[in-house]
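Text of data_33.txt, listed as compact mmCIF, C-alpha atoms:
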```txt
# COMPACT_ATOMS: atom_id res chain seq x y z
CA MET A 1 -4.03 -34.05 32.98
CA SER A 2 -1.10 -34.11 30.56
CA ASP A 3 -3.40 -35.52 27.84
CA ASP A 4 -5.80 -32.61 28.37
CA LEU A 5 -2.96 -30.12 28.07
CA LEU A 6 -1.72 -31.81 24.92
CA THR A 7 -5.21 -31.52 23.41
CA LYS A 8 -5.27 -27.82 24.27
CA ALA A 9 -1.88 -27.34 22.62
CA ARG A 10 -3.05 -29.11 19.48
CA ARG A 11 -6.07 -26.83 19.25
CA TYR A 12 -4.31 -23.61 20.13
CA ARG A 13 -1.56 -24.10 17.55
CA TRP A 14 -4.15 -23.60 14.80
CA LEU A 15 -5.04 -20.19 16.16
CA ILE A 16 -1.35 -19.29 16.14
CA PHE A 17 -0.94 -20.59 12.61
CA TRP A 18 -3.85 -18.63 11.15
CA VAL A 19 -2.72 -15.40 12.79
CA LEU A 20 0.71 -15.81 11.21
CA ALA A 21 -0.80 -16.95 7.91
CA LEU A 22 -2.84 -13.74 7.72
CA GLY A 23 0.40 -11.91 8.32
CA TYR A 24 1.91 -13.72 5.33
CA VAL A 25 -0.99 -12.54 3.16
CA LEU A 26 0.04 -9.01 4.10
CA VAL A 27 3.70 -9.76 3.31
CA TYR A 28 2.82 -10.66 -0.28
CA PHE A 29 0.33 -7.81 -0.51
CA HIS A 30 2.98 -5.29 0.55
CA ARG A 31 5.43 -6.86 -1.92
CA LEU A 32 3.22 -6.39 -4.99
CA CYS A 33 0.85 -3.54 -4.13
CA PRO A 34 2.73 -0.61 -5.82
CA ALA A 35 2.26 -2.10 -9.30
CA VAL A 36 -1.40 -1.21 -9.76
CA VAL A 37 -1.09 2.31 -8.29
CA ALA A 38 2.32 3.25 -9.72
CA VAL A 39 0.85 5.59 -12.36
CA ASP A 40 -1.15 7.51 -9.74
CA MET A 41 1.90 7.77 -7.50
CA MET A 42 4.08 9.05 -10.33
CA ARG A 43 1.48 11.71 -11.12
CA ASP A 44 0.92 12.85 -7.53
CA LEU A 45 4.61 12.80 -6.59
CA GLU A 46 5.73 14.28 -9.94
CA ALA A 47 8.41 11.63 -9.97
CA GLY A 48 8.56 10.10 -13.43
CA GLY A 49 9.00 6.48 -14.35
CA VAL A 50 12.09 5.98 -12.19
CA LEU A 51 9.83 5.63 -9.15
CA VAL A 52 8.61 2.23 -10.32
CA GLY A 53 12.10 0.72 -10.32
CA LEU A 54 13.07 2.41 -7.08
CA LEU A 55 9.95 1.21 -5.30
CA GLY A 56 10.60 -2.36 -6.41
CA SER A 57 14.20 -2.47 -5.23
CA ALA A 58 13.41 -0.48 -2.07
CA TYR A 59 11.39 -3.47 -0.83
CA PHE A 60 13.37 -6.29 -2.42
CA TYR A 61 16.86 -5.64 -1.08
CA PRO A 62 16.00 -4.90 2.59
CA TYR A 63 13.88 -8.03 2.59
CA ALA A 64 16.76 -10.15 1.30
CA ILE A 65 19.39 -8.61 3.57
CA MET A 66 17.30 -9.23 6.68
CA GLN A 67 16.88 -12.98 6.19
CA LEU A 68 19.99 -13.92 8.18
CA PRO A 69 19.08 -11.60 11.09
CA ALA A 70 15.57 -13.06 10.90
CA GLY A 71 16.93 -16.52 11.59
CA LEU A 72 19.19 -15.34 14.38
CA LEU A 73 16.44 -13.32 16.06
CA SER A 74 13.97 -16.21 15.72
CA ASP A 75 16.32 -18.51 17.61
CA SER A 76 17.44 -15.96 20.21
CA TRP A 77 14.83 -13.21 20.60
CA GLY A 78 11.84 -15.40 19.75
CA PRO A 79 9.33 -15.31 16.85
CA ARG A 80 6.55 -13.53 18.78
CA ARG A 81 8.64 -10.54 19.78
CA THR A 82 10.46 -10.41 16.44
CA VAL A 83 7.32 -10.38 14.27
CA THR A 84 5.52 -7.85 16.51
CA VAL A 85 8.34 -5.31 16.61
CA PHE A 86 9.14 -5.48 12.92
CA PHE A 87 5.50 -5.34 11.83
CA LEU A 88 5.31 -2.08 13.77
CA VAL A 89 8.18 -0.85 11.58
CA ALA A 90 6.12 -1.83 8.52
CA VAL A 91 3.21 0.19 9.94
CA VAL A 92 5.45 3.27 10.07
CA GLY A 93 6.54 2.58 6.49
CA SER A 94 2.92 2.33 5.32
CA ALA A 95 2.13 5.63 7.03
CA LEU A 96 5.06 7.29 5.26
CA LEU A 97 3.89 5.95 1.91
CA ALA A 98 0.36 7.19 2.57
CA THR A 99 1.54 10.71 3.45
CA ALA A 100 4.65 11.06 1.25
CA HIS A 101 4.83 14.20 -0.89
CA SER A 102 8.24 13.50 -2.38
CA VAL A 103 10.06 10.60 -3.93
CA GLY A 104 12.54 10.46 -1.07
CA TRP A 105 9.86 9.94 1.57
CA ALA A 106 8.05 7.39 -0.58
CA ILE A 107 11.25 5.39 -1.01
CA THR A 108 11.97 5.64 2.71
CA GLY A 109 8.51 4.32 3.48
CA ARG A 110 8.95 1.44 1.04
CA VAL A 111 12.33 0.53 2.61
CA LEU A 112 10.73 0.43 6.06
CA VAL A 113 7.90 -1.76 4.76
CA GLY A 114 10.37 -4.24 3.25
CA PHE A 115 12.47 -4.12 6.42
CA GLY A 116 9.44 -4.73 8.63
CA VAL A 117 7.67 -7.56 6.80
CA SER A 118 10.96 -9.39 6.21
CA MET A 119 10.62 -10.80 9.71
CA LEU A 120 7.46 -12.86 9.19
CA PHE A 121 8.38 -15.92 7.14
CA VAL A 122 11.44 -17.22 8.97
CA PRO A 123 9.98 -16.74 12.49
CA THR A 124 6.85 -18.54 11.29
CA MET A 125 8.99 -21.47 10.17
CA LYS A 126 10.43 -21.53 13.68
CA VAL A 127 6.95 -21.52 15.23
CA LEU A 128 5.80 -24.36 12.97
CA ALA A 129 8.85 -26.40 13.97
CA GLU A 130 7.97 -25.94 17.64
CA TRP A 131 4.21 -26.53 17.45
CA PHE A 132 3.83 -29.16 14.70
CA ARG A 133 5.29 -32.61 14.21
CA PRO A 134 8.03 -33.09 11.60
CA THR A 135 5.61 -35.02 9.37
CA GLU A 136 3.20 -32.06 9.48
CA PHE A 137 5.77 -29.37 8.71
CA ALA A 138 5.66 -29.60 4.90
CA THR A 139 1.86 -29.52 4.85
CA MET A 140 1.70 -26.45 7.09
CA THR A 141 4.37 -24.69 5.06
CA GLY A 142 2.36 -25.46 1.94
CA ILE A 143 -0.77 -23.88 3.40
CA LEU A 144 1.29 -20.85 4.43
CA MET A 145 2.64 -20.43 0.89
CA ALA A 146 -0.90 -20.74 -0.47
CA MET A 147 -1.90 -17.84 1.76
CA GLY A 148 0.94 -15.86 0.21
CA GLY A 149 -0.62 -16.60 -3.16
CA LEU A 150 -3.87 -15.09 -1.91
CA GLY A 151 -1.92 -12.00 -0.95
CA SER A 152 -0.51 -11.67 -4.47
CA LEU A 153 -4.01 -11.96 -5.92
CA ALA A 154 -5.35 -9.36 -3.49
CA ALA A 155 -2.62 -6.90 -4.54
CA ALA A 156 -4.01 -6.77 -8.08
CA THR A 157 -7.70 -6.27 -8.89
CA PRO A 158 -8.97 -5.73 -5.29
CA LEU A 159 -6.34 -3.07 -4.61
CA ALA A 160 -7.06 -1.37 -7.94
CA ALA A 161 -10.73 -1.19 -6.99
CA MET A 162 -9.95 0.15 -3.53
CA ALA A 163 -7.57 2.77 -4.96
CA ALA A 164 -10.25 3.88 -7.42
CA TRP A 165 -12.67 4.23 -4.51
CA VAL A 166 -10.60 5.95 -1.81
CA GLY A 167 -7.31 6.79 -3.58
CA TRP A 168 -3.87 5.23 -3.32
CA ARG A 169 -2.89 7.18 -0.20
CA ALA A 170 -5.90 6.04 1.80
CA SER A 171 -5.35 2.51 0.46
CA PHE A 172 -1.83 2.42 1.87
CA GLY A 173 -3.17 3.88 5.11
CA LEU A 174 -5.74 1.09 5.39
CA VAL A 175 -3.08 -1.51 4.68
CA GLY A 176 -1.03 0.05 7.48
CA VAL A 177 -3.99 -0.25 9.85
CA ALA A 178 -4.37 -3.93 8.91
CA THR A 179 -0.65 -4.45 9.54
CA LEU A 180 -0.99 -2.81 12.97
CA GLY A 181 -3.91 -5.10 13.77
CA LEU A 182 -1.83 -8.14 12.87
CA ALA A 183 1.05 -6.92 15.03
CA VAL A 184 -1.29 -6.64 18.02
CA ALA A 185 -2.78 -10.07 17.30
CA VAL A 186 0.67 -11.66 17.11
CA TRP A 187 1.66 -10.17 20.46
CA LEU A 188 -1.56 -11.21 22.19
CA LEU A 189 -2.08 -14.66 20.69
CA VAL A 190 1.16 -16.15 19.36
CA ARG A 191 3.53 -18.05 21.63
CA ASP A 192 6.96 -19.24 20.57
CA ARG A 193 6.51 -22.76 21.93
CA PRO A 194 3.94 -24.74 23.93
CA ALA A 195 6.12 -24.58 27.02
CA ASP A 196 5.45 -20.82 27.20
CA LEU A 197 1.89 -21.75 28.21
CA GLY A 198 2.97 -24.67 30.38
CA TRP A 199 1.84 -27.20 27.80
CA PRO A 200 3.61 -30.27 26.36
CA SER A 201 4.77 -30.02 22.76
CA PRO A 202 2.75 -31.71 19.97
CA ALA A 203 6.02 -31.66 18.00
CA ALA A 204 7.73 -33.96 20.51
CA ALA A 205 8.58 -37.45 19.34
CA GLY A 206 5.68 -39.72 20.26
CA ASP A 207 3.92 -36.70 21.82
CA ASP A 208 5.85 -37.48 25.00
CA PRO A 209 5.13 -34.63 27.42
CA GLN A 210 8.05 -35.69 29.58
CA ARG A 211 10.61 -35.25 26.80
CA GLU A 212 13.22 -32.77 27.90
CA ALA A 213 14.09 -29.89 25.60
CA PRO A 214 17.59 -30.19 24.16
CA PRO A 215 20.13 -27.55 25.14
CA ALA A 216 20.20 -24.33 23.10
CA ILE A 217 22.84 -23.87 20.41
CA PRO A 218 24.70 -20.51 20.55
CA LEU A 219 24.11 -18.25 17.55
CA GLY A 220 27.66 -18.34 16.26
CA ALA A 221 27.85 -22.08 16.59
CA GLY A 222 24.52 -22.45 14.82
CA VAL A 223 25.62 -20.37 11.82
CA LYS A 224 28.91 -22.23 11.62
CA ARG A 225 27.14 -25.56 11.74
CA VAL A 226 24.78 -24.59 8.91
CA VAL A 227 27.35 -23.09 6.52
CA SER A 228 29.79 -25.95 7.09
CA ASP A 229 27.24 -28.55 6.00
CA PRO A 230 27.76 -29.40 2.29
CA TRP A 231 24.13 -30.49 1.94
CA PHE A 232 23.05 -26.97 2.84
CA TRP A 233 25.01 -25.55 -0.10
CA VAL A 234 23.46 -27.99 -2.56
CA LEU A 235 20.04 -26.82 -1.37
CA ALA A 236 21.17 -23.17 -1.57
CA VAL A 237 22.16 -23.64 -5.22
CA TRP A 238 18.77 -25.17 -5.92
CA PHE A 239 17.01 -22.20 -4.31
CA PHE A 240 19.15 -19.63 -6.15
CA PHE A 241 18.48 -20.95 -9.66
CA ASP A 242 14.92 -22.17 -9.13
CA CYS A 243 13.73 -18.83 -7.78
CA ALA A 244 15.75 -16.98 -10.42
CA VAL A 245 13.34 -18.49 -12.95
CA PHE A 246 10.20 -17.55 -11.04
CA PHE A 247 11.17 -14.06 -9.88
CA THR A 248 12.69 -13.08 -13.22
CA PHE A 249 9.71 -14.13 -15.32
CA GLY A 250 6.84 -13.62 -12.88
CA GLY A 251 8.28 -10.61 -11.09
CA LEU A 252 9.52 -8.54 -14.03
CA TRP A 253 9.83 -9.76 -17.63
CA GLY A 254 6.67 -11.85 -18.03
CA GLY A 255 4.47 -8.76 -18.40
CA PRO A 256 6.55 -7.01 -21.08
CA TYR A 257 6.89 -10.33 -22.92
CA LEU A 258 3.13 -10.85 -23.13
CA MET A 259 2.48 -7.24 -24.14
CA GLN A 260 5.33 -6.83 -26.63
CA VAL A 261 5.32 -10.26 -28.29
CA TYR A 262 1.61 -11.09 -28.14
CA GLY A 263 0.20 -7.56 -28.18
CA MET A 264 -1.76 -7.99 -24.96
CA THR A 265 -3.05 -5.06 -22.94
CA ARG A 266 -1.88 -4.68 -19.35
CA GLN A 267 -5.18 -6.09 -18.15
CA GLN A 268 -4.94 -9.11 -20.45
CA ALA A 269 -1.33 -9.74 -19.43
CA GLY A 270 -2.37 -9.44 -15.79
CA HIS A 271 -4.99 -12.13 -16.24
CA VAL A 272 -2.37 -14.50 -17.68
CA LEU A 273 0.19 -13.68 -14.99
CA SER A 274 -2.41 -14.19 -12.26
CA MET A 275 -2.05 -17.89 -12.98
CA LEU A 276 1.33 -17.69 -11.22
CA ALA A 277 -0.53 -16.85 -8.01
CA VAL A 278 -3.14 -19.53 -8.70
CA GLY A 279 -0.30 -22.01 -9.08
CA MET A 280 1.04 -21.01 -5.68
CA VAL A 281 -2.37 -21.31 -4.04
CA VAL A 282 -3.26 -24.74 -5.39
CA GLY A 283 0.29 -26.06 -5.76
CA SER A 284 1.71 -25.36 -2.31
CA PRO A 285 -0.53 -27.79 -0.41
CA ALA A 286 -0.48 -30.21 -3.35
CA VAL A 287 3.31 -30.60 -3.51
CA SER A 288 3.45 -30.86 0.29
CA SER A 289 0.88 -33.63 0.22
CA ALA A 290 2.75 -35.37 -2.60
CA SER A 291 5.94 -35.26 -0.55
CA ASN A 292 4.32 -36.54 2.64
CA ARG A 293 1.78 -39.04 1.36
CA VAL A 294 2.54 -40.05 -2.22
CA PHE A 295 6.33 -40.19 -2.52
CA ARG A 296 6.90 -40.23 1.26
CA ALA A 297 10.12 -38.44 0.45
CA ARG A 298 11.39 -34.93 -0.39
CA LYS A 299 13.91 -35.50 -3.16
CA PRO A 300 11.61 -37.07 -5.81
CA VAL A 301 9.31 -34.04 -5.59
CA MET A 302 12.23 -31.65 -5.99
CA VAL A 303 13.62 -33.55 -8.98
CA SER A 304 10.21 -33.86 -10.66
CA CYS A 305 9.40 -30.17 -10.27
CA ALA A 306 12.84 -29.16 -11.53
CA ALA A 307 12.38 -31.34 -14.61
CA LEU A 308 8.96 -29.81 -15.31
CA THR A 309 10.35 -26.30 -14.84
CA LEU A 310 13.05 -27.12 -17.38
CA GLY A 311 10.36 -28.30 -19.77
CA ILE A 312 8.33 -25.11 -19.34
CA THR A 313 11.31 -22.78 -19.86
CA GLY A 314 12.32 -24.90 -22.86
CA VAL A 315 8.86 -24.32 -24.36
CA LEU A 316 9.26 -20.57 -23.84
CA ALA A 317 12.68 -20.61 -25.50
CA LEU A 318 11.65 -22.77 -28.47
CA PHE A 319 8.15 -21.43 -29.13
CA THR A 320 8.58 -17.86 -27.91
CA ASP A 321 6.10 -16.18 -30.28
CA THR A 322 3.92 -19.08 -31.43
CA LEU A 323 2.18 -20.28 -28.25
CA PRO A 324 -1.62 -20.11 -28.21
CA VAL A 325 -3.15 -18.08 -25.39
CA PRO A 326 -4.31 -21.18 -23.43
CA ALA A 327 -0.71 -22.43 -23.52
CA LEU A 328 0.47 -19.13 -22.02
CA TYR A 329 -1.99 -19.58 -19.16
CA ALA A 330 -0.67 -23.13 -18.69
CA VAL A 331 2.95 -21.91 -18.72
CA CYS A 332 2.25 -19.43 -15.91
CA LEU A 333 0.24 -21.96 -13.93
CA GLY A 334 3.07 -24.48 -14.28
CA LEU A 335 5.71 -21.99 -13.16
CA GLY A 336 3.54 -21.09 -10.16
CA ILE A 337 3.42 -24.75 -9.12
CA PHE A 338 6.74 -26.25 -10.16
CA SER A 339 9.04 -23.25 -9.67
CA SER A 340 7.33 -21.43 -6.79
CA ALA A 341 5.03 -23.72 -4.80
CA VAL A 342 7.75 -26.38 -4.63
CA VAL A 343 9.85 -24.15 -2.36
CA VAL A 344 7.70 -25.38 0.54
CA VAL A 345 9.47 -28.72 0.18
CA GLY A 346 12.81 -26.93 -0.09
CA PHE A 347 12.24 -25.07 3.16
CA THR A 348 11.14 -28.29 4.80
CA MET A 349 14.41 -29.91 3.74
CA ALA A 350 16.35 -26.97 5.19
CA LYS A 351 14.56 -27.45 8.50
CA GLU A 352 15.08 -31.22 8.50
CA LEU A 353 18.82 -30.97 7.83
CA PHE A 354 19.36 -29.53 11.31
CA PRO A 355 17.94 -29.80 14.85
CA VAL A 356 14.65 -28.01 15.44
CA ARG A 357 16.30 -25.45 17.76
CA MET A 358 18.28 -24.28 14.71
CA ALA A 359 15.24 -24.01 12.45
CA GLY A 360 15.28 -20.20 12.40
CA THR A 361 18.98 -19.96 11.60
CA ALA A 362 18.84 -22.62 8.87
CA THR A 363 15.73 -21.14 7.24
CA GLY A 364 17.06 -17.60 7.44
CA LEU A 365 20.35 -18.53 5.82
CA VAL A 366 18.78 -20.51 2.99
CA ASN A 367 16.18 -17.77 2.40
CA LEU A 368 18.96 -15.44 1.25
CA PHE A 369 19.33 -17.40 -1.96
CA PRO A 370 15.86 -17.13 -3.56
CA PHE A 371 16.00 -13.34 -3.43
CA ALA A 372 19.60 -13.30 -4.58
CA GLY A 373 18.64 -15.36 -7.62
CA GLY A 374 15.95 -12.90 -8.61
CA ALA A 375 18.19 -9.90 -7.97
CA VAL A 376 21.00 -11.30 -10.13
CA PHE A 377 19.01 -12.61 -13.10
CA GLN A 378 16.49 -9.80 -13.53
CA PRO A 379 19.19 -7.40 -14.81
CA ILE A 380 20.97 -10.21 -16.69
CA LEU A 381 17.85 -10.83 -18.77
CA GLY A 382 17.49 -7.09 -19.24
CA SER A 383 21.01 -6.97 -20.67
CA VAL A 384 20.23 -9.88 -23.00
CA LEU A 385 17.10 -8.16 -24.26
CA GLU A 386 18.95 -4.89 -24.81
CA HIS A 387 21.70 -6.73 -26.69
CA TYR A 388 19.23 -7.80 -29.37
CA GLY A 389 17.84 -4.29 -29.70
CA ARG A 390 14.34 -2.85 -30.00
CA VAL A 391 11.78 -2.38 -32.73
CA GLU A 392 9.52 0.64 -32.19
CA GLY A 393 10.46 0.64 -28.52
CA ALA A 394 9.70 -3.04 -27.93
CA PHE A 395 12.23 -5.82 -27.37
CA THR A 396 12.49 -8.34 -30.19
CA VAL A 397 11.31 -11.91 -30.35
CA THR A 398 14.94 -12.95 -30.82
CA GLY A 399 15.83 -11.15 -27.62
CA TYR A 400 13.10 -12.85 -25.63
CA ARG A 401 14.10 -16.23 -27.10
CA ALA A 402 17.67 -15.68 -25.93
CA ALA A 403 16.47 -14.47 -22.53
CA PHE A 404 14.30 -17.52 -22.01
CA THR A 405 17.21 -19.71 -23.05
CA VAL A 406 19.06 -18.22 -20.07
CA LEU A 407 16.12 -19.17 -17.84
CA ALA A 408 16.19 -22.69 -19.29
CA GLY A 409 19.86 -22.81 -18.31
CA CYS A 410 18.87 -21.84 -14.76
CA ALA A 411 16.27 -24.61 -14.77
CA LEU A 412 18.90 -27.10 -15.94
CA VAL A 413 21.19 -26.15 -13.05
CA THR A 414 18.20 -26.53 -10.72
CA LEU A 415 17.60 -30.03 -12.03
CA VAL A 416 21.24 -31.03 -11.60
CA ALA A 417 21.28 -29.61 -8.04
CA SER A 418 18.08 -31.47 -7.17
CA ALA A 419 19.71 -34.74 -8.21
CA PHE A 420 22.41 -34.21 -5.56
CA LEU A 421 20.10 -33.19 -2.70
CA LYS A 422 20.11 -35.24 0.48
CA GLU A 423 16.85 -37.00 1.30
CA THR A 424 15.77 -35.59 4.67
CA LEU A 425 12.34 -37.04 5.44
CA ALA A 426 13.65 -40.28 6.96
CA THR A 427 16.56 -38.56 8.70
CA SER A 428 14.99 -35.43 10.19
CA ARG A 429 16.14 -34.74 13.69
CA ALA A 430 14.44 -33.11 16.65
```
Produce structure tokens that represent the structure in this file.
Amino acid sequence: MSDDLLTKARRYRWLIFWVLALGYVLVYFHRLCPAVVAVDMMRDLEAGGVLVGLLGSAYFYPYAIMQLPAGLLSDSWGPRRTVTVFFLVAVVGSALLATAHSVGWAITGRVLVGFGVSMLFVPTMKVLAEWFRPTEFATMTGILMAMGGLGSLAAATPLAAMAAWVGWRASFGLVGVATLGLAVAVWLLVRDRPADLGWPSPAAAGDDPQREAPPAIPLGAGVKRVVSDPWFWVLAVWFFFDCAVFFTFGGLWGGPYLMQVYGMTRQQAGHVLSMLAVGMVVGSPAVSSASNRVFRARKPVMVSCAALTLGITGVLALFTDTLPVPALYAVCLGLGIFSSAVVVVGFTMAKELFPVRMAGTATGLVNLFPFAGGAVFQPILGSVLEHYGRVEGAFTVTGYRAAFTVLAGCALVTLVASAFLKETLATSRA
């Protein structure tokens, strides 16, 4: 009988995973969707260009701030309840965006969206830790990140087509309906752990259905245990500087660089930058597989990707205005793989540093640092570009060269941090 229940658990966990993975598509879609409809929104709301910056930060900062509460709620309140409730908040935010007739209401809606979808990734990491074996965790995280890449692709050309068909307001309304549908699906189908259905855990060592669950760790004790671990801080430094490279180039300055230095149109620059998302889609499962099956270790993958990221940023700094177009596509593809997709291994290491019942807390704490890196270095590069002035309104090649030198410095710190990471694959604990 126990074998039959274990088989049911192994099958049902895939349903849970794909429900949450579809939610992660929406997370990335919500994150990037204002870009292609910003001009229409500025016109309809009579807001001016400031709306673009406000909309970006209105999502970014609530999302970052909520990562620690996400970990705490995942371990105490449970992933199912956490994701459902906060996705409902995102639904309200989408409705406000769809009906907003002033900048203030639009910003409020965007804040609520960022607040709501911030509670998907960390609870999902907790669910994966409960339903999948430690050796499967990196692979599942890789597939999840690939789904996020699909969300970033969907937020570009498909959303532009939908907005042209039904308008940006109706588009946000439809996205809100999809978010509501996912919230209902999470509540009806997702379970925090197999025991909630009376099933043994596939994540248990040796698939032993008789293995007793370890005692819970109080929230305060869990946070203290994570932040007092020196290996956590090495990983945090890696996340901060690695994601500073990706978010700063892919999330802000890559577009102006391609348009101002290479004279591309927005559509042409978008095609090049879409390779960042392609890198996430193909790279996330690839680096996970490399970690699990090729290297059979985490650290070599982290070091290799950091070295390749340093090489790519070095190319940008040295050959800022002389790269052929195919090389620009390759640069963005490489950053998508080696600076973004590799985070699936980083999150796996964060999970493996601590007991599984602390997975939410550990992931939530470490997830503060990627967003902090982007928030800090986006304006730093802006200051560097401004320092070297403008020519006919465009930043100079010298400015971009200096800015990319800063990113190469971030990549160098990432490489140094990766060299000091603790190997966790052979030492992961239940």
* CA of Pro123 in chain A and CA of Asn367 in chain A, how far apart in Å? ->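 These atoms are spaced 11.9 Å apart.
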* Asked: So which one's closest to Pro200 in chain A, A:Lys422, A:Gly382, A:Ala408, A:Leu5? Using only C-alpha atoms, please.
  -> A:Leu5
* **Residue nearest Leu412 in chain A - candidates A:Ala21, A:Leu316, A:Ala307, A:Ile337, atoms counted: only C-alpha atoms** =>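 Looking only at the distances to Leu412 in chain A, the closest residue turns out to be A:Ala307.
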* **Shell of 7 Å around range 74-81 of chain A, all atoms listed in the file, local chain residues under 6 positions omitted, as a list in words** =>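 Listed by chain and then number, they are Pro123, Thr124, Lys126, Val127, Val186, Trp187, Val190, Arg191, Asp192, Arg357, Met358, Gly360 and Thr361 of chain A.
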* To do: For Trp238 in chain A, list every protein, DNA or RNA residue within 8 Å, evaluated using only C-alpha atoms, and leave out those in the same chain fewer than 2 positions away; present the list as a VMD selection string.
  => chain A and resid 234 to 236 240 to 242 413 to 415 417 to 418
Applying 12 Å and all atoms listed in the file, which residues near range 333-336 of chain A remain after dropping the ones on its own chain fewer than 5 positions away? List them as a tab-separated table (two decimals) with C-alpha atoms, keeping the file's coordinate frame.
```tsv
chain	number	residue	atom	x	y	z
A	145	MET	CA	2.64	-20.43	0.89
A	146	ALA	CA	-0.90	-20.74	-0.47
A	148	GLY	CA	0.94	-15.86	0.21
A	149	GLY	CA	-0.62	-16.60	-3.16
A	152	SER	CA	-0.51	-11.67	-4.47
A	242	ASP	CA	14.92	-22.17	-9.13
A	243	CYS	CA	13.73	-18.83	-7.78
A	244	ALA	CA	15.75	-16.98	-10.42
A	245	VAL	CA	13.34	-18.49	-12.95
A	246	PHE	CA	10.20	-17.55	-11.04
A	247	PHE	CA	11.17	-14.06	-9.88
A	248	THR	CA	12.69	-13.08	-13.22
A	249	PHE	CA	9.71	-14.13	-15.32
A	250	GLY	CA	6.84	-13.62	-12.88
A	251	GLY	CA	8.28	-10.61	-11.09
A	254	GLY	CA	6.67	-11.85	-18.03
A	271	HIS	CA	-4.99	-12.13	-16.24
A	272	VAL	CA	-2.37	-14.50	-17.68
A	273	LEU	CA	0.19	-13.68	-14.99
A	274	SER	CA	-2.41	-14.19	-12.26
A	275	MET	CA	-2.05	-17.89	-12.98
A	276	LEU	CA	1.33	-17.69	-11.22
A	277	ALA	CA	-0.53	-16.85	-8.01
A	278	VAL	CA	-3.14	-19.53	-8.70
A	279	GLY	CA	-0.30	-22.01	-9.08
A	280	MET	CA	1.04	-21.01	-5.68
A	281	VAL	CA	-2.37	-21.31	-4.04
A	282	VAL	CA	-3.26	-24.74	-5.39
A	283	GLY	CA	0.29	-26.06	-5.76
A	284	SER	CA	1.71	-25.36	-2.31
A	287	VAL	CA	3.31	-30.60	-3.51
A	305	CYS	CA	9.40	-30.17	-10.27
A	306	ALA	CA	12.84	-29.16	-11.53
A	307	ALA	CA	12.38	-31.34	-14.61
A	308	LEU	CA	8.96	-29.81	-15.31
A	309	THR	CA	10.35	-26.30	-14.84
A	310	LEU	CA	13.05	-27.12	-17.38
A	311	GLY	CA	10.36	-28.30	-19.77
A	312	ILE	CA	8.33	-25.11	-19.34
A	313	THR	CA	11.31	-22.78	-19.86
A	315	VAL	CA	8.86	-24.32	-24.36
A	316	LEU	CA	9.26	-20.57	-23.84
A	326	PRO	CA	-4.31	-21.18	-23.43
A	327	ALA	CA	-0.71	-22.43	-23.52
A	328	LEU	CA	0.47	-19.13	-22.02
A	341	ALA	CA	5.03	-23.72	-4.80
A	342	VAL	CA	7.75	-26.38	-4.63
A	343	VAL	CA	9.85	-24.15	-2.36
A	407	LEU	CA	16.12	-19.17	-17.84
A	411	ALA	CA	16.27	-24.61	-14.77
```
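Across A:Pro134, A:Gly389, A:Gly374, A:Pro379, the tightest approach to Ala203 in chain A is made by A:Pro134 when counting all atoms listed in the file.
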* A:Ala362, A:Ala317, A:Ala90, A:Ala375: which is nearest Gln67 in chain A, counting all atoms listed in the file? ->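 The closest residue to Gln67 in chain A is A:Ala362.
Among the candidates A:Asp3, A:Ile380, A:Ser289, A:Gly346, the residue lying nearest to Thr139 in chain A is A:Ser289 (atoms considered: only C-alpha atoms).
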* Asked: Which residue gives the smallest distance to Val303 in chain A among A:Val416, A:Val177, A:Val92, A:Val397, with all atoms listed in the file counted?
  ->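 Closest to Val303 in chain A of all the choices is A:Val416.
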* Asked: Which protein, DNA or RNA residues have an atom at most 8 Å from (-0.8, 6.6, 0.8), counting only C-alpha atoms? List them as a VMD selection string.
  -> chain A and resid 94 to 100 167 to 173
* Ala178 in chain A: which residues within 12 Å, counting all atoms listed in the file, same-chain residues fewer than 2 positions away excluded, as a PyMOL selection string? -> chain A and resi 22-23+25-27+29-30+87-88+90-91+94-95+171-176+180-185
Take the residues from that selection and put them in a file with C-alpha atoms, as a compact mmCIF listing (two decimals), in the frame of the given file.
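Written out: selection-v1.txt:
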```txt
# COMPACT_ATOMS: atom_id res chain seq x y z
CA LEU A 22 -2.84 -13.74 7.72
CA GLY A 23 0.40 -11.91 8.32
CA VAL A 25 -0.99 -12.54 3.16
CA LEU A 26 0.04 -9.01 4.10
CA VAL A 27 3.70 -9.76 3.31
CA PHE A 29 0.33 -7.81 -0.51
CA HIS A 30 2.98 -5.29 0.55
CA PHE A 87 5.50 -5.34 11.83
CA LEU A 88 5.31 -2.08 13.77
CA ALA A 90 6.12 -1.83 8.52
CA VAL A 91 3.21 0.19 9.94
CA SER A 94 2.92 2.33 5.32
CA ALA A 95 2.13 5.63 7.03
CA SER A 171 -5.35 2.51 0.46
CA PHE A 172 -1.83 2.42 1.87
CA GLY A 173 -3.17 3.88 5.11
CA LEU A 174 -5.74 1.09 5.39
CA VAL A 175 -3.08 -1.51 4.68
CA GLY A 176 -1.03 0.05 7.48
CA LEU A 180 -0.99 -2.81 12.97
CA GLY A 181 -3.91 -5.10 13.77
CA LEU A 182 -1.83 -8.14 12.87
CA ALA A 183 1.05 -6.92 15.03
CA VAL A 184 -1.29 -6.64 18.02
CA ALA A 185 -2.78 -10.07 17.30
```
* Name the residues in contact with Ala138 in chain A at a cut-off of 8 Å, using all atoms listed in the file, excluding same-chain residues fewer than 6 positions from it; report them as a list in words. =>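 Contacts, with the query itself left out: Ser288, Ser289, Ser291, Asn292, Val344, Val345 and Thr348 of chain A.
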